[in-house]
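Undergrad: Input input.txt, format and content: compact mmCIF, C-alpha atoms.
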# COMPACT_ATOMS: atom_id res chain seq x y z
CA MET U 219 15.18 74.72 4.11
CA TYR U 220 14.81 71.02 4.58
CA ASN U 221 11.73 70.00 2.67
CA ILE U 222 10.42 67.27 4.94
CA ARG U 223 8.37 68.27 7.94
CA LYS U 224 9.39 66.43 11.08
CA PRO U 225 8.31 66.45 14.70
CA TYR U 226 9.06 69.71 16.42
CA MET U 227 11.73 69.24 19.08
CA LYS U 228 11.19 70.37 22.66
CA PRO U 229 13.54 69.91 25.62
CA ASP U 230 11.46 67.00 26.95
CA SER U 231 11.20 65.17 23.58
CA ARG U 232 12.76 61.72 23.40
CA LEU U 233 15.83 62.35 21.31
CA ALA U 234 15.93 58.86 19.78
CA GLU U 235 12.45 59.29 18.28
CA ILE U 236 13.46 62.57 16.67
CA VAL U 237 16.69 61.18 15.26
CA ARG U 238 14.84 58.12 13.96
CA SER U 239 12.31 60.18 12.06
CA ASN U 240 14.77 62.69 10.72
CA PRO U 241 18.12 61.58 9.33
CA SER U 242 19.42 65.14 9.10
CA MET U 243 19.61 65.08 12.92
CA LEU U 244 22.66 62.85 12.47
CA TYR U 245 24.47 65.85 11.08
CA VAL U 246 23.42 67.95 14.05
CA LEU U 247 24.81 65.36 16.49
CA GLU U 248 28.00 65.04 14.50
CA TYR U 249 28.60 68.78 14.30
CA PHE U 250 28.04 69.00 18.06
CA GLN U 251 30.70 66.27 18.30
CA ALA U 252 28.25 64.03 20.13
CA ASP U 253 28.24 60.27 19.71
CA TYR U 254 24.98 58.53 20.07
CA MET U 255 23.79 55.66 22.10
CA ILE U 256 20.82 57.66 23.09
CA ARG U 257 18.67 55.05 24.86
CA GLU U 258 15.59 56.73 26.35
CA MET U 259 17.25 60.07 26.98
CA THR U 260 15.24 63.24 26.59
CA VAL U 261 16.77 66.12 24.73
CA SER U 262 17.62 67.95 27.95
CA GLU U 263 19.21 64.87 29.52
CA PHE U 264 21.29 64.34 26.41
CA CYS U 265 22.36 67.99 26.41
CA GLY U 266 23.21 67.79 30.10
CA GLU U 267 25.44 64.79 29.48
CA HIS U 268 27.20 66.46 26.57
CA LYS U 269 27.29 69.91 28.20
CA ILE U 270 25.37 71.57 25.39
CA ASP U 271 23.00 74.48 26.05
CA VAL U 272 19.61 72.84 25.54
CA ASN U 273 17.98 75.91 24.02
CA LEU U 274 20.75 76.17 21.46
CA PHE U 275 20.50 72.48 20.65
CA VAL U 276 16.74 72.73 20.17
CA ALA U 277 17.02 75.86 18.04
CA ILE U 278 19.64 74.34 15.74
CA SER U 279 17.84 70.99 15.50
CA ASN U 280 14.60 72.66 14.54
CA ILE U 281 16.37 74.57 11.79
CA TYR U 282 17.59 71.23 10.40
CA ASN U 283 14.05 69.91 10.84
CA GLY U 284 12.74 72.71 8.64
CA PHE U 285 10.90 74.78 11.23
CA PRO U 286 10.91 78.55 11.32
CA THR U 287 13.14 80.06 13.94
CA GLU U 288 11.41 81.72 16.84
CA SER U 289 11.81 85.44 16.75
CA LYS U 290 13.16 85.75 20.26
CA LEU U 291 15.50 82.94 21.17
CA ASN U 292 17.09 84.60 24.22
CA LEU U 293 20.21 82.51 23.94
CA ASP U 294 23.10 83.09 26.26
CA ALA U 295 26.17 84.86 24.87
CA ALA U 296 28.17 81.80 25.94
CA CYS U 297 26.59 80.04 22.95
CA ILE U 298 28.77 82.09 20.59
CA PRO U 299 31.90 79.90 20.77
CA VAL U 300 29.72 76.75 20.66
CA VAL U 301 27.91 77.85 17.51
CA ILE U 302 31.21 78.77 15.93
CA GLN U 303 32.66 75.34 16.71
CA PHE U 304 29.52 73.76 15.27
CA LEU U 305 29.92 75.77 12.06
CA ARG U 306 33.62 74.96 11.84
CA ASN U 307 32.64 71.30 11.97
CA THR U 308 30.22 71.81 9.09
CA HIS U 309 33.10 73.33 7.14
CA PHE U 310 35.17 70.25 7.78
CA TYR U 311 32.33 68.11 6.46
CA TYR U 312 31.97 70.19 3.30
CA ARG U 313 35.69 70.25 2.58
CA ASN U 314 36.68 66.74 3.48
CA GLU U 315 33.61 64.76 2.69
CA LYS U 316 30.78 66.29 0.69
CA TYR U 317 32.59 68.27 -2.01
CA PRO U 318 35.14 65.51 -2.67
CA GLU U 319 32.19 63.16 -3.08
CA ILE U 320 30.57 65.51 -5.60
CA GLN U 321 33.89 65.88 -7.41
CA SER U 322 34.28 62.14 -7.74
CA LEU U 323 30.71 61.81 -9.05
CA ILE U 324 31.50 64.40 -11.71
CA ASP U 325 34.63 62.40 -12.59
CA GLU U 326 32.44 59.31 -12.93
CA LEU U 327 29.94 61.20 -15.05
CA ARG U 328 32.74 62.14 -17.37
CA LYS U 329 33.75 58.51 -17.77
CA VAL U 330 30.29 57.43 -18.94
CA ASN U 331 29.26 60.51 -20.87
CA ASN U 332 31.66 62.11 -23.32
CA ALA U 333 29.51 65.14 -24.26
CA ALA U 334 31.50 68.36 -24.54
CA GLU U 335 29.14 69.94 -22.01
CA ILE U 336 30.55 67.76 -19.22
CA GLY U 337 33.96 69.38 -19.58
CA ILE U 338 32.38 72.79 -19.09
CA LEU U 339 30.36 71.51 -16.18
CA GLU U 340 33.56 70.31 -14.60
CA LYS U 341 35.11 73.74 -14.99
CA PHE U 342 31.97 75.35 -13.66
CA PHE U 343 32.11 73.15 -10.58
CA ALA U 344 35.80 73.92 -10.06
CA GLU U 345 35.06 77.64 -10.14
CA TYR U 346 32.08 77.23 -7.87
CA TYR U 347 34.07 75.20 -5.40
CA ALA U 348 36.89 77.73 -5.40
CA GLU U 349 34.31 80.28 -4.36
CA VAL U 350 32.91 78.04 -1.63
CA ASP U 351 36.42 77.43 -0.37
CA GLU U 352 37.17 81.13 -0.35
CA HIS U 353 34.02 81.79 1.63
CA LEU U 354 34.73 79.04 4.16
CA THR U 355 38.24 80.34 4.56
CA TYR U 356 36.87 83.85 5.04
CA GLU U 357 34.63 82.57 7.80
CA ASP U 358 37.38 80.53 9.44
CA ARG U 359 40.02 83.24 9.26
CA VAL U 360 38.13 86.54 9.40
CA ALA U 361 34.52 86.26 10.54
CA PHE U 362 34.81 83.64 13.27
CA PRO U 363 37.99 85.05 14.84
CA TYR U 364 36.29 88.44 14.88
CA PHE U 365 33.26 87.01 16.69
CA GLU U 366 35.50 85.09 19.08
CA ALA U 367 37.56 88.16 19.88
CA LEU U 368 34.38 90.09 20.48
CA TYR U 369 33.15 87.38 22.82
CA ARG U 370 36.46 87.32 24.75
CA LYS U 371 36.27 91.05 25.11
CA PHE U 372 32.69 90.71 26.34
CA THR U 373 33.64 88.17 29.02
CA GLY U 374 36.62 90.25 30.04
CA ALA U 375 39.05 87.53 29.00
CA ALA U 376 40.81 89.81 26.54
CA GLU U 377 42.04 93.36 26.59
CA ALA U 378 39.78 95.80 24.87
CA GLY U 379 42.12 96.12 21.96
CA THR U 380 41.38 96.62 18.33
CA ILE U 381 39.49 93.86 16.62
CA ALA U 382 39.86 93.26 12.89
CA LYS U 383 36.87 94.71 11.13
CA PHE U 384 34.42 92.48 9.45
CA SER U 385 31.57 93.33 7.14
CA ALA U 386 28.19 91.71 7.66
CA SER U 387 26.95 92.67 4.23
CA GLU U 388 29.97 91.21 2.44
CA TYR U 389 29.35 88.04 4.41
CA ARG U 390 25.80 87.81 3.10
CA ASP U 391 26.75 88.55 -0.53
CA HIS U 392 29.05 85.52 -0.53
CA HIS U 393 26.17 83.36 0.57
CA THR U 394 23.78 84.53 -2.12
CA ASP U 395 26.33 83.88 -4.82
CA ILE U 396 27.20 80.40 -3.60
CA GLU U 397 23.55 79.44 -3.33
CA TYR U 398 22.87 80.77 -6.81
CA LYS U 399 25.68 78.83 -8.47
CA LEU U 400 24.69 75.59 -6.78
CA ASP U 401 21.17 76.03 -8.04
CA GLU U 402 22.45 76.71 -11.54
CA LEU U 403 24.53 73.56 -11.44
CA LYS U 404 21.42 71.53 -10.67
CA ASN U 405 19.45 73.40 -13.28
CA LEU U 406 22.04 72.62 -15.98
CA LEU U 407 22.14 68.95 -15.04
CA ILE U 408 18.38 68.64 -15.18
CA ARG U 409 17.75 70.73 -18.26
CA TYR U 410 20.69 70.88 -20.61
CA ILE U 411 23.42 68.29 -20.12
CA PRO U 412 23.03 65.71 -22.92
CA VAL U 413 22.21 62.22 -21.77
CA GLY U 414 24.85 59.49 -21.93
CA HIS U 415 24.83 56.15 -20.14
CA ASP U 416 24.71 58.09 -16.95
CA ARG U 417 21.30 57.72 -15.36
CA THR U 418 22.55 56.31 -12.06
CA VAL U 419 25.56 58.55 -11.63
CA ARG U 420 23.49 61.59 -12.61
CA ARG U 421 20.93 60.70 -9.94
CA LYS U 422 23.71 60.25 -7.38
CA LEU U 423 25.21 63.58 -8.35
CA LEU U 424 21.90 65.44 -8.13
CA THR U 425 21.14 63.77 -4.80
CA ALA U 426 24.52 64.84 -3.47
CA LEU U 427 23.92 68.39 -4.70
CA ASN U 428 20.49 68.43 -3.02
CA ASP U 429 22.08 67.20 0.21
CA VAL U 430 24.74 69.84 0.24
CA GLU U 431 22.15 72.45 -0.67
CA SER U 432 19.90 71.74 2.29
CA ASN U 433 22.93 71.47 4.54
CA LEU U 434 24.18 74.86 3.33
CA ASN U 435 20.72 76.34 3.79
CA ALA U 436 20.66 75.19 7.40
CA HIS U 437 24.22 76.50 7.80
CA SER U 438 23.26 79.96 6.64
CA ALA U 439 20.02 79.94 8.66
CA ILE U 440 22.11 79.24 11.77
CA GLU U 441 24.38 82.12 10.90
CA SER U 442 21.65 84.63 10.21
CA HIS U 443 19.12 83.58 12.86
CA ILE U 444 21.34 82.39 15.70
CA LEU U 445 24.93 83.58 15.38
CA MET U 446 24.41 87.08 13.99
CA PRO U 447 21.73 88.10 16.54
CA LEU U 448 24.03 86.87 19.35
CA VAL U 449 26.95 88.81 17.95
CA ILE U 450 24.91 91.95 17.37
CA ASP U 451 23.63 91.74 20.92
CA VAL U 452 27.15 91.47 22.33
CA GLU U 453 28.29 94.34 20.12
CA LYS U 454 25.47 96.49 21.48
CA LYS U 455 26.29 95.64 25.08
CA LEU U 456 29.97 96.40 24.52
CA ALA U 457 29.11 99.76 22.98
CA ARG U 458 27.35 100.89 26.15
CA MET C 15 13.80 79.21 -14.72
CA SER C 16 15.78 81.20 -12.22
CA THR C 17 12.66 82.94 -11.02
CA GLU C 18 11.31 79.64 -9.74
CA LYS C 19 13.87 79.60 -7.01
CA ASN C 20 13.80 83.12 -5.83
CA THR C 21 13.92 83.45 -2.08
CA TYR C 22 12.15 86.61 -1.08
CA ARG C 23 13.05 88.25 2.18
CA ILE C 24 10.05 89.49 4.09
CA GLY C 25 9.91 91.39 7.36
CA ILE C 26 6.77 91.00 9.44
CA VAL C 27 6.19 94.06 11.59
CA GLU C 28 3.49 92.99 13.97
CA PRO C 29 3.58 93.17 17.75
CA SER C 30 1.20 90.24 18.33
CA ALA C 31 3.25 87.06 18.64
CA ILE C 32 0.35 84.83 17.56
CA VAL C 33 -0.29 86.77 14.39
CA ASN C 34 3.40 87.13 13.67
CA GLU C 35 4.28 83.46 14.12
CA GLY C 36 1.08 82.24 12.49
CA LEU C 37 1.58 84.25 9.33
CA GLY C 38 5.22 83.23 9.38
CA ILE C 39 4.39 79.52 9.44
CA LEU C 40 1.87 79.93 6.59
CA LEU C 41 4.47 81.64 4.45
CA LEU C 42 7.23 79.17 5.24
CA LYS C 43 4.94 76.23 4.47
CA ALA C 44 3.89 77.65 1.14
CA GLY C 45 7.07 78.91 -0.38
CA ASP C 46 10.65 79.86 -0.32
CA PHE C 47 10.74 82.88 1.96
CA ASP C 48 13.22 84.15 4.47
CA LEU C 49 11.28 85.73 7.30
CA TYR C 50 12.30 88.28 9.85
CA HIS C 51 10.12 89.14 12.81
CA ILE C 52 10.40 92.81 13.55
CA ASP C 53 8.92 94.45 16.62
CA ASP C 54 8.35 97.95 15.37
CA ILE C 55 8.88 100.33 12.50
CA ALA C 56 11.93 101.88 14.12
CA ASP C 57 13.74 98.54 13.88
CA ALA C 58 12.56 97.91 10.31
CA GLU C 59 15.13 100.24 8.80
CA GLU C 60 18.02 98.24 10.20
CA TYR C 61 16.54 94.98 8.94
CA ILE C 62 15.97 96.37 5.44
CA ALA C 63 19.58 97.49 5.25
CA ASP C 64 21.10 94.36 6.78
CA TYR C 65 18.98 91.69 5.16
CA LYS C 66 17.96 93.47 1.93
CA LEU C 67 14.28 92.86 2.53
CA ASN C 68 11.92 92.76 -0.46
CA MET C 69 8.74 93.34 1.49
CA LEU C 70 7.43 94.51 4.82
CA ILE C 71 4.11 93.17 6.09
CA VAL C 72 2.92 95.77 8.53
CA ASN C 73 0.14 96.17 11.03
CA PRO C 74 -1.49 99.42 9.82
CA MET C 75 -1.95 100.62 13.41
CA LEU C 76 1.81 101.05 13.59
CA ILE C 77 1.70 103.52 10.72
CA VAL C 78 -0.74 105.64 12.68
CA GLN C 79 1.47 105.51 15.74
CA GLN C 80 4.80 105.95 14.00
CA TYR C 81 3.90 107.98 10.95
CA ARG C 82 7.19 109.86 10.69
CA ASP C 83 9.32 106.74 11.06
CA CYS C 84 7.29 105.09 8.30
CA GLN C 85 7.67 107.96 5.88
CA HIS C 86 11.37 108.08 6.56
CA VAL C 87 11.84 104.35 5.87
CA LYS C 88 9.67 104.54 2.75
CA ARG C 89 11.66 107.41 1.30
CA LYS C 90 14.96 105.81 2.10
CA TYR C 91 14.08 102.41 0.62
CA PRO C 92 11.63 102.92 -2.23
CA GLY C 93 12.25 99.40 -3.57
CA VAL C 94 10.66 97.71 -0.57
CA LEU C 95 7.00 96.72 -0.95
CA TRP C 96 4.64 97.52 1.91
CA ALA C 97 1.79 95.15 2.60
CA ALA C 98 -0.95 95.98 5.12
CA LEU C 99 -2.11 93.20 7.37
CA VAL C 100 -5.78 94.14 7.66
CA TYR C 101 -7.63 92.55 10.54
CA SER C 102 -10.15 95.25 11.43
CA TYR C 103 -11.58 98.37 9.93
CA PHE C 104 -8.98 100.84 8.79
CA ASP C 105 -9.49 104.13 7.05
CA ASN C 106 -9.11 103.90 3.29
CA ASN C 107 -6.67 106.81 3.20
CA LEU C 108 -4.44 104.86 5.49
CA LEU C 109 -4.64 101.65 3.44
CA GLU C 110 -3.93 103.51 0.22
CA GLN C 111 -0.41 104.10 1.40
CA PHE C 112 0.30 100.39 1.00
CA ASP C 113 1.23 98.49 -2.14
CA LEU C 114 -0.83 95.49 -1.10
CA ARG C 115 -3.54 94.56 1.37
CA ILE C 116 -3.72 91.22 3.09
CA ASN C 117 -7.03 90.47 4.77
CA ILE C 118 -6.64 88.25 7.77
CA THR C 119 -9.89 86.45 6.84
CA ASP C 120 -8.58 85.45 3.39
CA THR C 121 -7.64 81.84 2.72
CA PRO C 122 -3.93 81.01 3.09
CA GLU C 123 -3.77 80.30 -0.67
CA LYS C 124 -5.12 83.73 -1.47
CA ILE C 125 -2.73 85.45 0.94
CA ILE C 126 0.32 83.61 -0.39
CA GLY C 127 -0.83 84.08 -3.97
CA SER C 128 -1.19 87.83 -3.73
CA ILE C 129 2.12 88.25 -1.90
CA THR C 130 4.02 86.15 -4.42
CA GLU C 131 2.35 87.78 -7.40
CA LYS C 132 3.21 91.24 -6.16
CA LEU C 133 6.83 90.30 -5.42
CA ASP C 134 7.29 88.58 -8.79
CA LYS C 135 5.81 91.54 -10.61
CA GLU C 136 8.12 93.93 -8.83
CA ASN C 137 11.25 91.83 -9.18
CA HIS C 138 10.77 90.12 -12.54
CA PRO C 139 8.38 92.13 -14.65
CA ASP C 140 8.83 89.82 -17.65
CA ALA C 141 8.94 86.55 -15.80
CA GLY C 142 6.71 83.78 -16.97
CA HIS C 143 7.21 84.40 -20.67
CA SER C 144 9.74 81.84 -21.66
CA GLU C 145 10.16 83.06 -25.23
CA PRO C 146 12.81 81.77 -27.59
CA LEU C 147 15.88 83.93 -28.07
CA THR C 148 15.74 86.42 -30.94
CA ASP C 149 18.32 86.28 -33.76
CA ARG C 150 20.13 89.25 -32.29
CA GLU C 151 20.23 87.65 -28.85
CA LEU C 152 21.62 84.48 -30.44
CA ASP C 153 24.37 86.58 -32.07
CA VAL C 154 25.26 88.12 -28.72
CA LEU C 155 25.17 84.73 -27.01
CA ARG C 156 27.56 83.19 -29.57
CA LEU C 157 30.08 85.98 -29.04
CA MET C 158 29.66 85.95 -25.26
CA VAL C 159 30.51 82.29 -24.97
CA GLN C 160 33.61 82.86 -27.08
CA GLY C 161 34.72 85.05 -24.22
CA LEU C 162 34.32 88.42 -25.92
CA LEU C 163 33.84 91.51 -23.76
CA ASN C 164 30.79 93.73 -24.11
CA LYS C 165 32.83 96.33 -25.97
CA GLU C 166 34.10 93.74 -28.47
CA ILE C 167 30.63 92.32 -29.00
CA ALA C 168 29.30 95.83 -29.61
CA ASP C 169 32.01 96.53 -32.21
CA LYS C 170 31.46 93.23 -33.99
CA LEU C 171 27.71 93.61 -34.23
CA ASN C 172 27.82 97.34 -34.79
CA ILE C 173 25.59 98.13 -31.85
CA SER C 174 26.11 100.13 -28.67
CA ILE C 175 27.41 98.63 -25.43
CA HIS C 176 24.13 99.62 -23.87
CA THR C 177 22.28 97.43 -26.39
CA VAL C 178 24.65 94.52 -25.72
CA ILE C 179 23.95 94.79 -22.01
CA SER C 180 20.21 94.80 -22.58
CA HIS C 181 20.49 91.73 -24.84
CA ARG C 182 22.48 89.98 -22.12
CA LYS C 183 19.80 90.81 -19.57
CA ASN C 184 17.14 89.34 -21.84
CA ILE C 185 19.18 86.20 -22.45
CA THR C 186 19.51 85.60 -18.71
CA GLN C 187 15.85 86.34 -18.14
CA LYS C 188 14.73 83.95 -20.87
CA THR C 189 17.11 81.08 -20.12
CA GLY C 190 17.27 81.42 -16.37
CA ILE C 191 21.06 81.11 -16.58
CA LYS C 192 23.43 83.76 -15.34
CA THR C 193 26.95 82.37 -15.49
CA LEU C 194 29.08 82.21 -18.62
CA ALA C 195 29.82 78.51 -18.16
CA GLY C 196 26.11 77.84 -17.79
CA LEU C 197 25.31 79.79 -20.92
CA THR C 198 28.00 77.87 -22.82
CA ILE C 199 26.36 74.60 -21.83
CA PHE C 200 22.99 76.01 -22.83
CA ALA C 201 24.35 77.11 -26.24
CA LEU C 202 26.07 73.79 -26.85
CA SER C 203 23.13 71.65 -25.91
CA ASN C 204 20.80 73.75 -28.06
CA LYS C 205 23.25 73.56 -30.97
CA ILE C 206 23.68 77.32 -31.03
CA ILE C 207 27.44 76.76 -31.01
CA GLU C 208 29.76 73.84 -31.66
CA LEU C 209 33.06 73.12 -30.05
Here is a file; write its structure as structure tokens.
TA:
Amino acid sequence: MYNIRKPYMKPDSRLAEIVRSNPSMLYVLEYFQADYMIREMTVSEFCGEHKIDVNLFVAISNIYNGFPTESKLNLDAACIPVVIQFLRNTHFYYRNEKYPEIQSLIDELRKVNNAAEIGILEKFFAEYYAEVDEHLTYEDRVAFPYFEALYRKFTGAAEAGTIAKFSASEYRDHHTDIEYKLDELKNLLIRYIPVGHDRTVRRKLLTALNDVESNLNAHSAIESHILMPLVIDVEKKLAR
Amino acid sequence: MSTEKNTYRIGIVEPSAIVNEGLGILLLKAGDFDLYHIDDIADAEEYIADYKLNMLIVNPMLIVQQYRDCQHVKRKYPGVLWAALVYSYFDNNLLEQFDLRINITDTPEKIIGSITEKLDKENHPDAGHSEPLTDRELDVLRLMVQGLLNKEIADKLNISIHTVISHRKNITQKTGIKTLAGLTIFALSNKIIEL
């Protein structure tokens, strides 16, 4: 989870104050596709303007702020497509911004440090990223469409047809593996990669890895504490 | 090493929201835990299966009320540790059924310490001893990073596959590195191999 403790958000908090004290809120706004000229708006006013369920916004923001999720969120099932869109936007950020940035830092590292270990690190990262990509694709093409179909069925918008099966435990295994490899990458950089003239680029690389790590942690907390309970609830109601 | 960054998954089975959230915040502040608030024992089984919980922290009263459910869950998932959250007098026979007791009057440090210690002991019995690799483990490591399979390593060193696997386990435990690429970097940077 994010390691800096920030003010806890409530619906009547001034949004600007929260964003000012916690830069990771910028990601939350971006993934909700909200631009900001927040002025003196409270969180609920901001949500009203952007048509975002305020309870969902608060729950997600507090995850990014590093607070534990309340056990009973009582979110509306209509949050399902919104959370999915939010998560799809995080995928876009990983694919098109963060991982390319990490890749280019590794390329830079290679230019200033010619230790043989860097070549292996590069390969390691390529394999790791292939796994991340596979997982994101799995979510985009299997998991999310399954949840969306379930939601459409729930609202009566779709025929009660067959929905492609999806495995919650497989979903979680992916996560564990991705988190583990990212941690190992950091571990190798800190402990074992020989030093070249690379202090600055190594710091940038580790900072980028830390960023993506906390972002991924928030991503999986949203999935396990917000999205999955919503989906399980809908599944239960449909089974009745 | 890898054990430093182990996220344990803990279910708190406690009907009181104050106690549940309070303990949850203490744990989250102190360490890397994933927490799940569970309302009663009957739900615990589902959580253990879905989220692969390492530990349940349980209000002992619930065991009295739902004895059969408890026994069933315990038998089905023997790997899960049960911690009693003791906030009033409970019969010793009851508390003996738990792997760990947490007294609500203990300091947060003591509570976190005993939970972490118990979980580490259960999950990494040898953790904390960062010994150097033995000669045999170095042999196995050299062959591993050349890309040899367990069977080939066993043949080369004249040992059983079973022994190779146990060497590999020890290597990972001692270095904190699991992947082959990671181990190659480890071996290179410690001059165990050369390219």
Undergrad: Mind checking which residues fall within 10 Å of Leu99 (chain C), counting all atoms listed in the file, ignoring those fewer than 3 positions away in the same chain, and posting them as an mmCIF file with C-alpha atoms, in the frame of the given file?
TA:
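The new file around38.cif reads:
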data_model
loop_
_atom_site.group_PDB
_atom_site.id
_atom_site.type_symbol
_atom_site.label_atom_id
_atom_site.label_comp_id
_atom_site.auth_asym_id
_atom_site.auth_seq_id
_atom_site.Cartn_x
_atom_site.Cartn_y
_atom_site.Cartn_z
ATOM 1 C CA ILE C 26 6.770 91.000 9.440
ATOM 2 C CA VAL C 27 6.190 94.060 11.590
ATOM 3 C CA GLU C 28 3.490 92.990 13.970
ATOM 4 C CA VAL C 33 -0.290 86.770 14.390
ATOM 5 C CA LEU C 37 1.580 84.250 9.330
ATOM 6 C CA LEU C 70 7.430 94.510 4.820
ATOM 7 C CA ILE C 71 4.110 93.170 6.090
ATOM 8 C CA VAL C 72 2.920 95.770 8.530
ATOM 9 C CA ASN C 73 0.140 96.170 11.030
ATOM 10 C CA PRO C 74 -1.490 99.420 9.820
ATOM 11 C CA MET C 75 -1.950 100.620 13.410
ATOM 12 C CA TRP C 96 4.640 97.520 1.910
ATOM 13 C CA SER C 102 -10.150 95.250 11.430
ATOM 14 C CA LEU C 109 -4.640 101.650 3.440
ATOM 15 C CA PHE C 112 0.300 100.390 1.000
ATOM 16 C CA LEU C 114 -0.830 95.490 -1.100
ATOM 17 C CA ARG C 115 -3.540 94.560 1.370
ATOM 18 C CA ILE C 116 -3.720 91.220 3.090
ATOM 19 C CA ASN C 117 -7.030 90.470 4.770
ATOM 20 C CA ILE C 118 -6.640 88.250 7.770
#
Undergrad: Taking only residues of chain C that have an atom at most 9 Å from an atom of chain U, what is each one's shortest atom pair and its distance in Å to one decimal, using only C-alpha atoms, in chain and number order, as CSV?
TA:
residue,atom,partner,partner_atom,distance
C:Met15,CA,U:Asn405,CA,8.2
C:Ser16,CA,U:Glu402,CA,8.1
C:Lys19,CA,U:Asp401,CA,8.2
C:Ala31,CA,U:Ser289,CA,8.9
C:Glu35,CA,U:Glu288,CA,7.8
C:Gly38,CA,U:Pro286,CA,7.6
C:Ile39,CA,U:Pro286,CA,6.9
C:Leu42,CA,U:Pro286,CA,7.1
C:Asp46,CA,U:Met219,CA,8.2
C:Leu49,CA,U:Pro286,CA,8.2
C:Tyr50,CA,U:Ser289,CA,7.5
C:His51,CA,U:Ser289,CA,5.7
C:Ile52,CA,U:Ser289,CA,8.2
C:Ala63,CA,U:Ser387,CA,8.9
C:Asp64,CA,U:Ser387,CA,6.6
C:Tyr65,CA,U:Ser387,CA,8.1
C:Gly190,CA,U:Glu402,CA,8.5
C:Ile191,CA,U:Glu402,CA,6.8
C:Lys192,CA,U:Glu402,CA,8.1
C:Thr193,CA,U:Lys399,CA,8.0
C:Leu194,CA,U:Phe342,CA,8.9
C:Ala195,CA,U:Phe342,CA,5.9
C:Gly196,CA,U:Leu406,CA,6.9
C:Thr198,CA,U:Ile338,CA,7.7
C:Ile199,CA,U:Glu335,CA,5.4
C:Phe200,CA,U:Tyr410,CA,6.0
C:Leu202,CA,U:Glu335,CA,6.9
C:Ser203,CA,U:Tyr410,CA,5.9
C:Asn204,CA,U:Tyr410,CA,8.0
C:Leu209,CA,U:Ala334,CA,7.4
Undergrad: Report, in Å to a single decimal, how far apart CA of Met446 (chain U) and CA of Asp83 (chain C) are.
TA: 25.0 Å
Undergrad: Give me, please, the distance in Å between CA of Ala367 (chain U) and CA of His309 (chain U), quoted to one decimal.
TA: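 Computing the Euclidean distance for CA of Ala367 (chain U) and CA of His309 (chain U) yields 20.1 Å.
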Undergrad: Could you give me, as JSON, numbers by chain, the residues within 10 Å of Asn292 (chain U), counting only C-alpha atoms and dropping anything in the same chain fewer than 5 positions from it?
TA: {"U": [273, 274, 444, 447, 448]}
Undergrad: In Å to one decimal, how far is CA of Pro92 (chain C) from CA of Lys43 (chain C)?
TA: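 Value for the CA of Lys43 (chain C)-CA of Pro92 (chain C) distance: 28.3 Å.
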Undergrad: For a quick check of understanding, using all atoms listed in the file, which of U:Leu233, U:Ile320, U:Ile450, U:Ala296 has the smallest distance to Ser279 (chain U)?
TA: U:Leu233
Undergrad: Have a look at C:Ile167, C:Ile185, C:Leu67, C:Val94 and name the one nearest to Pro146 (chain C); count only C-alpha atoms.
TA: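 Closest residue, counting only C-alpha atoms: C:Ile185.
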Undergrad: Ranking C:Gln79, C:Thr130, C:Thr186, C:Thr119 by minimum distance to Leu152 (chain C) and counting all atoms listed in the file, which one comes first?
TA: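 Counting all atoms listed in the file, the residue closest to Leu152 (chain C) is C:Thr186.
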Undergrad: Hey, could you patch up region 286-295 of chain U with N, CA and C atoms and hand it over as a tab-separated table (two decimals), in the coordinates of the input?
TA:
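Now in rebuild_30.tsv:
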chain	number	residue	atom	x	y	z
U	286	PRO	N	10.47	77.15	11.23
U	286	PRO	CA	10.91	78.55	11.32
U	286	PRO	C	11.53	78.82	12.68
U	287	THR	N	12.49	79.72	12.69
U	287	THR	CA	13.14	80.06	13.94
U	287	THR	C	12.26	81.01	14.74
U	288	GLU	N	12.17	80.79	16.02
U	288	GLU	CA	11.41	81.72	16.84
U	288	GLU	C	12.08	83.08	16.81
U	289	SER	N	11.23	84.11	16.90
U	289	SER	CA	11.81	85.44	16.75
U	289	SER	C	12.73	85.80	17.91
U	290	LYS	N	12.32	85.42	19.11
U	290	LYS	CA	13.16	85.75	20.26
U	290	LYS	C	13.69	84.46	20.88
U	291	LEU	N	14.96	84.19	20.66
U	291	LEU	CA	15.50	82.94	21.17
U	291	LEU	C	16.07	83.10	22.58
U	292	ASN	N	16.50	84.34	22.91
U	292	ASN	CA	17.09	84.60	24.22
U	292	ASN	C	18.20	83.62	24.58
U	293	LEU	N	19.09	83.40	23.65
U	293	LEU	CA	20.21	82.51	23.94
U	293	LEU	C	21.27	83.26	24.72
U	294	ASP	N	22.03	82.51	25.47
U	294	ASP	CA	23.10	83.09	26.26
U	294	ASP	C	24.31	83.40	25.37
U	295	ALA	N	25.01	84.49	25.68
U	295	ALA	CA	26.17	84.86	24.87
U	295	ALA	C	27.22	83.74	24.85
